[in-house]
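Data block for target21.txt (compact mmCIF, C-alpha atoms):
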```txt
# COMPACT_ATOMS: atom_id res chain seq x y z
CA MET A 1 0.00 0.00 0.00
CA ASN A 2 1.18 3.53 -0.74
CA LEU A 3 2.87 4.89 2.41
CA SER A 4 1.50 8.39 1.89
CA LEU A 5 -2.04 6.98 1.75
CA VAL A 6 -1.48 5.03 4.97
CA SER A 7 -0.19 8.19 6.65
CA ALA A 8 -3.24 10.17 5.53
CA VAL A 9 -5.63 7.53 6.86
CA LEU A 10 -3.85 7.39 10.22
CA SER A 11 -3.92 11.18 10.51
CA LEU A 12 -7.65 11.21 9.83
CA LEU A 13 -8.32 8.53 12.46
CA LEU A 14 -6.17 10.29 15.04
CA GLY A 15 -7.96 13.57 14.34
CA LEU A 16 -11.37 11.99 14.87
CA SER A 17 -10.17 10.37 18.09
CA ALA A 18 -8.87 13.69 19.40
CA GLN A 19 -12.20 15.36 18.65
CA ASN A 20 -14.08 12.67 20.55
CA ASN A 21 -11.74 12.85 23.53
CA CYS A 22 -12.06 16.63 23.69
CA SER A 23 -15.85 16.68 23.47
CA VAL A 24 -17.42 18.68 26.28
CA GLN A 25 -19.60 16.87 28.79
CA PRO A 26 -22.86 18.68 29.57
CA HIS A 27 -22.18 18.67 33.31
CA GLU A 28 -19.06 20.81 32.96
CA GLU A 29 -19.46 24.23 34.55
CA GLY A 30 -19.93 27.22 32.29
CA VAL A 31 -20.21 25.34 29.01
CA LYS A 32 -22.97 26.71 26.80
CA THR A 33 -23.69 26.55 23.11
CA LYS A 34 -24.33 29.61 20.93
CA GLU A 35 -27.90 28.40 20.50
CA HIS A 36 -28.31 28.36 24.27
CA TYR A 37 -27.38 32.04 24.53
CA HIS A 38 -29.79 33.04 21.77
CA LEU A 39 -32.79 31.72 23.72
CA ASP A 40 -34.61 33.90 26.23
CA ILE A 41 -34.82 32.72 29.84
CA THR A 42 -38.25 31.12 29.53
CA SER A 43 -37.35 29.28 26.34
CA ARG A 44 -34.23 27.92 28.03
CA ILE A 45 -36.29 26.76 31.01
CA LEU A 46 -38.95 25.16 28.79
CA GLU A 47 -36.26 23.38 26.78
CA VAL A 48 -34.71 21.91 29.93
CA ASN A 49 -38.14 20.94 31.31
CA LYS A 50 -39.21 18.89 28.30
CA GLY A 51 -40.25 15.39 29.26
CA ILE A 52 -40.72 16.03 32.98
CA ASN A 53 -43.44 13.72 34.25
CA HIS A 54 -44.86 15.62 37.22
CA MET A 55 -47.35 18.45 36.78
CA LEU A 56 -45.88 21.90 36.09
CA VAL A 57 -47.98 25.03 35.58
CA GLN A 58 -46.71 27.83 33.32
CA GLY A 59 -43.73 25.67 32.46
CA ASP A 60 -41.80 25.76 35.74
CA VAL A 61 -44.21 26.13 38.67
CA THR A 62 -45.08 23.08 40.70
CA LEU A 63 -48.34 23.22 42.64
CA SER A 64 -47.98 23.26 46.38
CA LYS A 65 -49.38 20.31 48.30
CA LYS A 66 -49.92 22.55 51.32
CA MET A 67 -51.65 25.58 49.75
CA ASN A 68 -54.83 26.00 47.74
CA GLY A 69 -53.79 26.41 44.11
CA MET A 70 -51.19 29.05 43.26
CA ARG A 71 -52.38 31.99 45.29
CA CYS A 72 -50.55 33.12 48.42
CA TRP A 73 -53.20 33.70 51.07
CA SER A 74 -52.51 36.50 53.55
CA ASN A 75 -48.89 36.36 54.69
CA PHE A 76 -48.65 32.58 54.89
CA CYS A 77 -46.43 32.19 51.85
CA LYS A 78 -44.06 35.04 52.70
CA TRP A 79 -40.79 34.17 54.36
CA ARG A 80 -40.50 35.52 57.88
CA LYS A 81 -38.46 38.48 58.97
CA SER A 82 -35.92 38.02 61.73
CA TYR A 83 -35.45 40.39 64.64
CA ASN A 84 -32.80 42.34 62.66
CA GLY A 85 -35.20 43.18 59.82
CA ARG A 86 -33.70 40.68 57.39
CA VAL A 87 -35.86 38.13 55.60
CA GLU A 88 -33.89 34.95 56.12
CA VAL A 89 -34.50 32.10 53.67
CA PRO A 90 -32.64 28.98 54.79
CA TYR A 91 -31.39 26.76 51.99
CA ARG A 92 -29.58 23.48 51.56
CA LEU A 93 -27.71 22.56 48.38
CA SER A 94 -27.72 18.96 47.24
CA ASP A 95 -24.41 17.13 47.52
CA SER A 96 -24.90 16.07 43.89
CA PHE A 97 -23.83 19.56 42.79
CA TYR A 98 -20.15 20.05 42.04
CA TYR A 99 -18.36 22.76 44.02
CA SER A 100 -18.36 25.12 41.02
CA GLU A 101 -22.11 24.57 40.53
CA LYS A 102 -22.81 25.40 44.16
CA ALA A 103 -20.71 28.53 43.68
CA SER A 104 -22.84 29.55 40.66
CA ILE A 105 -26.04 29.25 42.71
CA GLU A 106 -24.64 31.24 45.60
CA LYS A 107 -23.27 33.86 43.20
CA ALA A 108 -26.78 34.38 41.79
CA MET A 109 -28.02 34.96 45.35
CA GLU A 110 -25.64 37.89 45.83
CA THR A 111 -27.88 40.43 44.05
CA PHE A 112 -30.63 39.67 46.61
CA HIS A 113 -28.13 40.21 49.43
CA LYS A 114 -26.78 43.48 48.00
CA LYS A 115 -30.03 45.13 46.96
CA THR A 116 -32.81 43.69 49.15
CA CYS A 117 -33.36 42.64 52.75
CA VAL A 118 -33.62 38.99 51.67
CA ARG A 119 -30.77 36.79 52.85
CA PHE A 120 -30.37 33.21 51.71
CA VAL A 121 -28.72 31.56 54.70
CA PRO A 122 -27.36 28.03 55.14
CA TYR A 123 -29.81 25.53 56.60
CA ARG A 124 -29.14 24.91 60.28
CA GLY A 125 -32.24 22.98 61.31
CA GLN A 126 -34.74 25.80 60.67
CA PRO A 127 -38.35 24.55 60.33
CA ASP A 128 -38.88 26.05 56.83
CA TYR A 129 -36.19 25.89 54.18
CA LEU A 130 -35.41 25.50 50.49
CA SER A 131 -33.94 22.18 49.49
CA ILE A 132 -32.21 23.04 46.20
CA GLU A 133 -31.86 19.82 44.26
CA ASN A 134 -30.13 18.74 41.06
CA GLU A 135 -33.28 17.08 39.71
CA LEU A 136 -34.78 17.05 36.23
CA GLY A 137 -35.60 20.58 35.09
CA CYS A 138 -35.87 24.05 36.59
CA TRP A 139 -38.93 24.54 38.83
CA SER A 140 -40.26 25.87 42.13
CA THR A 141 -43.45 26.40 44.07
CA ILE A 142 -44.82 29.93 44.60
CA GLY A 143 -43.81 31.38 47.96
CA ARG A 144 -43.04 29.67 51.26
CA GLU A 145 -45.04 26.50 51.73
CA GLY A 146 -43.62 25.39 55.07
CA GLY A 147 -41.20 22.64 56.00
CA GLN A 148 -38.83 21.25 53.43
CA GLN A 149 -39.52 22.94 50.10
CA LEU A 150 -38.04 21.54 46.91
CA LEU A 151 -36.57 23.81 44.25
CA SER A 152 -34.98 22.12 41.26
CA LEU A 153 -31.98 23.51 39.39
CA SER A 154 -30.72 20.82 37.07
CA ALA A 155 -26.99 21.07 36.44
CA TYR A 156 -27.85 20.30 32.81
CA GLY A 157 -29.22 23.71 31.82
CA CYS A 158 -30.53 25.59 34.88
CA LEU A 159 -27.40 27.16 36.34
CA ASP A 160 -27.41 30.46 34.47
CA ARG A 161 -27.73 33.45 36.80
CA GLY A 162 -31.07 34.61 35.33
CA ILE A 163 -32.64 31.14 35.59
CA ILE A 164 -31.46 30.67 39.18
CA GLN A 165 -32.89 34.07 40.15
CA HIS A 166 -36.12 33.30 38.27
CA GLU A 167 -36.74 30.17 40.35
CA LEU A 168 -35.71 31.88 43.60
CA LEU A 169 -38.20 34.68 42.86
CA HIS A 170 -40.94 32.06 42.48
CA ALA A 171 -39.95 30.70 45.89
CA LEU A 172 -40.18 34.22 47.35
CA GLY A 173 -43.79 34.51 46.10
CA PHE A 174 -43.62 35.99 42.59
CA HIS A 175 -45.51 34.89 39.47
CA HIS A 176 -44.55 35.29 35.83
CA GLU A 177 -44.91 38.87 34.66
CA HIS A 178 -47.22 38.06 31.74
CA THR A 179 -49.84 36.71 34.20
CA ARG A 180 -50.27 40.07 35.98
CA SER A 181 -53.87 41.06 36.57
CA ASP A 182 -53.40 44.19 34.42
CA ARG A 183 -51.34 42.57 31.65
CA ASP A 184 -53.89 43.21 28.88
CA GLN A 185 -52.90 46.88 28.90
CA TYR A 186 -49.30 45.96 28.07
CA VAL A 187 -49.22 42.72 26.09
CA ARG A 188 -51.44 40.92 23.61
CA ILE A 189 -51.79 37.17 24.05
CA ASN A 190 -51.99 35.55 20.62
CA TRP A 191 -54.27 32.66 21.47
CA GLN A 192 -54.29 31.45 17.86
CA ASN A 193 -50.59 30.56 18.21
CA ILE A 194 -51.00 28.68 21.49
CA PRO A 195 -51.88 24.95 21.55
CA ALA A 196 -55.05 24.33 23.54
CA VAL A 197 -53.17 22.13 26.01
CA HIS A 198 -50.89 25.08 26.90
CA ALA A 199 -53.54 27.82 27.01
CA VAL A 200 -53.76 27.57 30.81
CA ASN A 201 -50.18 28.85 31.01
CA PHE A 202 -51.38 32.27 29.80
CA ASN A 203 -54.25 32.77 32.24
CA LYS A 204 -54.12 35.94 34.30
CA MET A 205 -53.51 35.59 38.05
CA ASP A 206 -54.97 37.60 40.91
CA THR A 207 -51.62 39.26 41.53
CA ASN A 208 -50.48 41.93 43.95
CA ASN A 209 -48.64 44.31 41.61
CA LEU A 210 -47.29 46.37 44.50
CA ASN A 211 -47.89 49.66 42.66
CA THR A 212 -45.05 48.89 40.26
CA PRO A 213 -45.15 49.32 36.46
CA TYR A 214 -45.42 46.40 34.08
CA ASP A 215 -41.87 45.25 33.41
CA TYR A 216 -41.04 43.87 29.96
CA SER A 217 -37.45 43.41 31.11
CA SER A 218 -38.29 41.41 34.23
CA VAL A 219 -36.39 38.19 34.73
CA MET A 220 -39.89 36.74 35.31
CA HIS A 221 -41.27 37.68 31.88
CA TYR A 222 -42.05 35.00 29.27
CA GLY A 223 -40.26 35.28 25.97
CA ARG A 224 -42.45 36.33 23.05
CA THR A 225 -42.59 32.83 21.49
CA ALA A 226 -43.11 30.73 24.65
CA PHE A 227 -45.24 27.63 23.95
CA THR A 228 -45.84 28.70 20.36
CA SER A 229 -47.46 26.21 17.98
CA VAL A 230 -46.11 28.08 14.94
CA PHE A 231 -42.32 28.24 14.70
CA GLY A 232 -41.16 31.81 15.30
CA ALA A 233 -44.67 33.19 15.87
CA ASP A 234 -45.43 35.35 18.91
CA THR A 235 -47.56 34.10 21.74
CA VAL A 236 -46.88 37.29 23.75
CA THR A 237 -46.62 40.63 21.90
CA PRO A 238 -45.90 43.95 23.66
CA ILE A 239 -48.42 46.72 23.00
CA PRO A 240 -48.58 49.36 21.69
CA ASP A 241 -44.92 48.96 20.59
CA SER A 242 -44.47 45.38 19.40
CA SER A 243 -40.71 45.85 19.01
CA VAL A 244 -40.05 46.11 22.77
CA PRO A 245 -37.68 43.29 23.86
CA VAL A 246 -39.14 40.87 26.41
CA GLY A 247 -37.82 37.91 28.35
CA GLN A 248 -34.17 38.65 27.62
CA ARG A 249 -32.81 39.36 31.10
CA ASP A 250 -29.79 37.54 32.49
CA ASP A 251 -30.15 39.26 35.85
CA MET A 252 -32.95 40.79 37.89
CA SER A 253 -34.25 44.13 36.66
CA ASP A 254 -34.53 47.20 38.86
CA ILE A 255 -38.29 46.64 39.09
CA ASP A 256 -37.79 43.00 40.13
CA ILE A 257 -35.65 44.30 42.98
CA LEU A 258 -38.15 47.05 43.86
CA ARG A 259 -40.95 44.47 44.12
CA ILE A 260 -38.99 42.29 46.52
CA ASN A 261 -38.38 45.30 48.75
CA ARG A 262 -42.03 46.32 48.65
CA LEU A 263 -43.42 42.83 49.24
CA TYR A 264 -41.14 42.27 52.21
CA ASN A 265 -41.23 45.87 53.44
CA CYS A 266 -37.48 46.34 53.13
CA SER A 267 -37.66 50.05 53.92
CA GLU A 268 -33.90 50.68 53.90
CA TYR A 269 -33.63 49.29 50.36
CA ARG A 270 -36.67 51.00 48.80
CA ASN A 271 -34.48 53.21 46.62
CA ALA A 272 -31.64 50.74 46.07
```
Encoding of this model in C-alpha cells:
Amino acid sequence: MNLSLVSAVLSLLLGLSAQNNCSVQPHEEGVKTKEHYHLDITSRILEVNKGINHMLVQGDVTLSKKMNGMRCWSNFCKWRKSYNGRVEVPYRLSDSFYYSEKASIEKAMETFHKKTCVRFVPYRGQPDYLSIENELGCWSTIGREGGQQLLSLSAYGCLDRGIIQHELLHALGFHHEHTRSDRDQYVRINWQNIPAVHAVNFNKMDTNNLNTPYDYSSVMHYGRTAFTSVFGADTVTPIPDSSVPVGQRDDMSDIDILRINRLYNCSEYRNA
C-alpha cells in the first residue's frame, strides 16, 4: 500500500479520536452553546423541562401540596423576617452539585443580598427551608409553603444566573410577569398561536402588583414565542410597541428588585 495513503488515513483517524476525547460533557461548569445564549430565559427553562413527568404550571411552577392552588393567602407564603429586619431564607444545596455549581447558585443569590433585605442563609435545622436539588428541570413552588420545600436547578441547563434568580423569585412569592392582573394593557396574548393544552399557562392571576409598572425586562417575563405552535410566531406581543424586547434578562431588573423590597417591606432598600 502507498505509504503516503497510509499516513493520511492514520492522521484522519487520530484527528477523529482527538475530537471525541475533547468533546465537552454537559455537566461541565460554564459550558454553553451559541444556540443556548440566543434563547430567552423562559425558552431555556422550557427546553430543559421537556419530558418532565410531574405536573408543572406555566412551564416551571409546581403546585404546592400545602396551599390552595397558586395563590398566596394573607402572609402565609411570605418568608418571615428576623429580629434584625432581614428576611432569612434557609437553603440546603444537594451534595450532587459540584463545588463550582454550588458557587454559581450562591453567586446568583448575591444580588438579593446586596439590593434587598432577603438573605439566603445556610440551613441549620430551621423549620422552613429550600432544598435546592439537582433534579430534572428548573422549577419551584410559589412562595413559602412550610417545612422542606423543593426547588430544582438541574446542572444540565438551569445554572445560568437569570434562571437561578427566576426560580428563587418564584420561591419568594412571585408569578410570571405576563400573568399580571393588568397585563392586557401591556401585552397581547396571541391565542391562535397557542396549543389548547398550553392555554392555561397564559391565564391571568390575581396578583399583587405592588404599585409597580409592568416590566417587559423582568427576569420573570415570558419570551415572546413561549409555547408557540407556529415556529417563530409570537404568543406574547408587547403593545402598543411590538418591538419592545421581552424575556431577555440575564439578571434581575430594577423593578424586580423594587418588588422584593415592597413585598417584604425592606424600607432601607426601597431606593436601592
Report summary line: As a check of understanding: the span from CA of Ser253 in chain A to CA of Cys266 in chain A is 16.9 Å
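The space between CA of Ser154 in chain A and CA of Leu169 in chain A spans 16.8 Å.
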Report task. List the neighbours of Ile189 in chain A out to 7 Å using only C-alpha atoms; skip same-chain residues closer than 3 positions along the sequence, and give me the result as a PyMOL selection string. Result -> chain A and resi 235-237
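Every protein or nucleic acid residue with an atom no more than 9 Å from range 84-95 of chain A, counting only C-alpha atoms and leaving out same-chain residues fewer than 6 positions away, appears here: Lys102, Ile105, Thr116, Cys117, Val118, Arg119, Phe120, Val121, Pro122, Tyr123, Arg124, Gly125, Gln126, Asp128, Tyr129, Leu130, Ser131, Ile132, Glu133, Asn134, Leu172, Tyr264 and Cys266 of chain A.
Nearest residue to Ser267 in chain A, choosing from A:Ser43, A:Asn49, A:Lys115, A:Trp79 and counting all atoms listed in the file: A:Lys115.
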**Report entry** Near-Arg183 in chain A list (12 Å; all atoms listed in the file; drop same-chain fewer than 5 positions) as a list in words
**Finding:** His176, Glu177, His178, Arg188, Ile189, Phe202, Asn203, Lys204, Met205, Asp206, Thr207, Asn209, Pro213, Tyr214, Asp215, Tyr216, His221, Val236, Thr237, Pro238 and Ile239 of chain A
Query raised in the report: CA of Asn261 in chain A and CA of Leu159 in chain A, how far apart in Å?
Result: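 It comes out at 24.6 Å.
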**Report entry** Nearest to Tyr156 in chain A by atom-to-atom distance, counting only C-alpha atoms, from A:Ser140, A:Glu101, A:Lys81, A:Arg224
**Finding:** A:Glu101
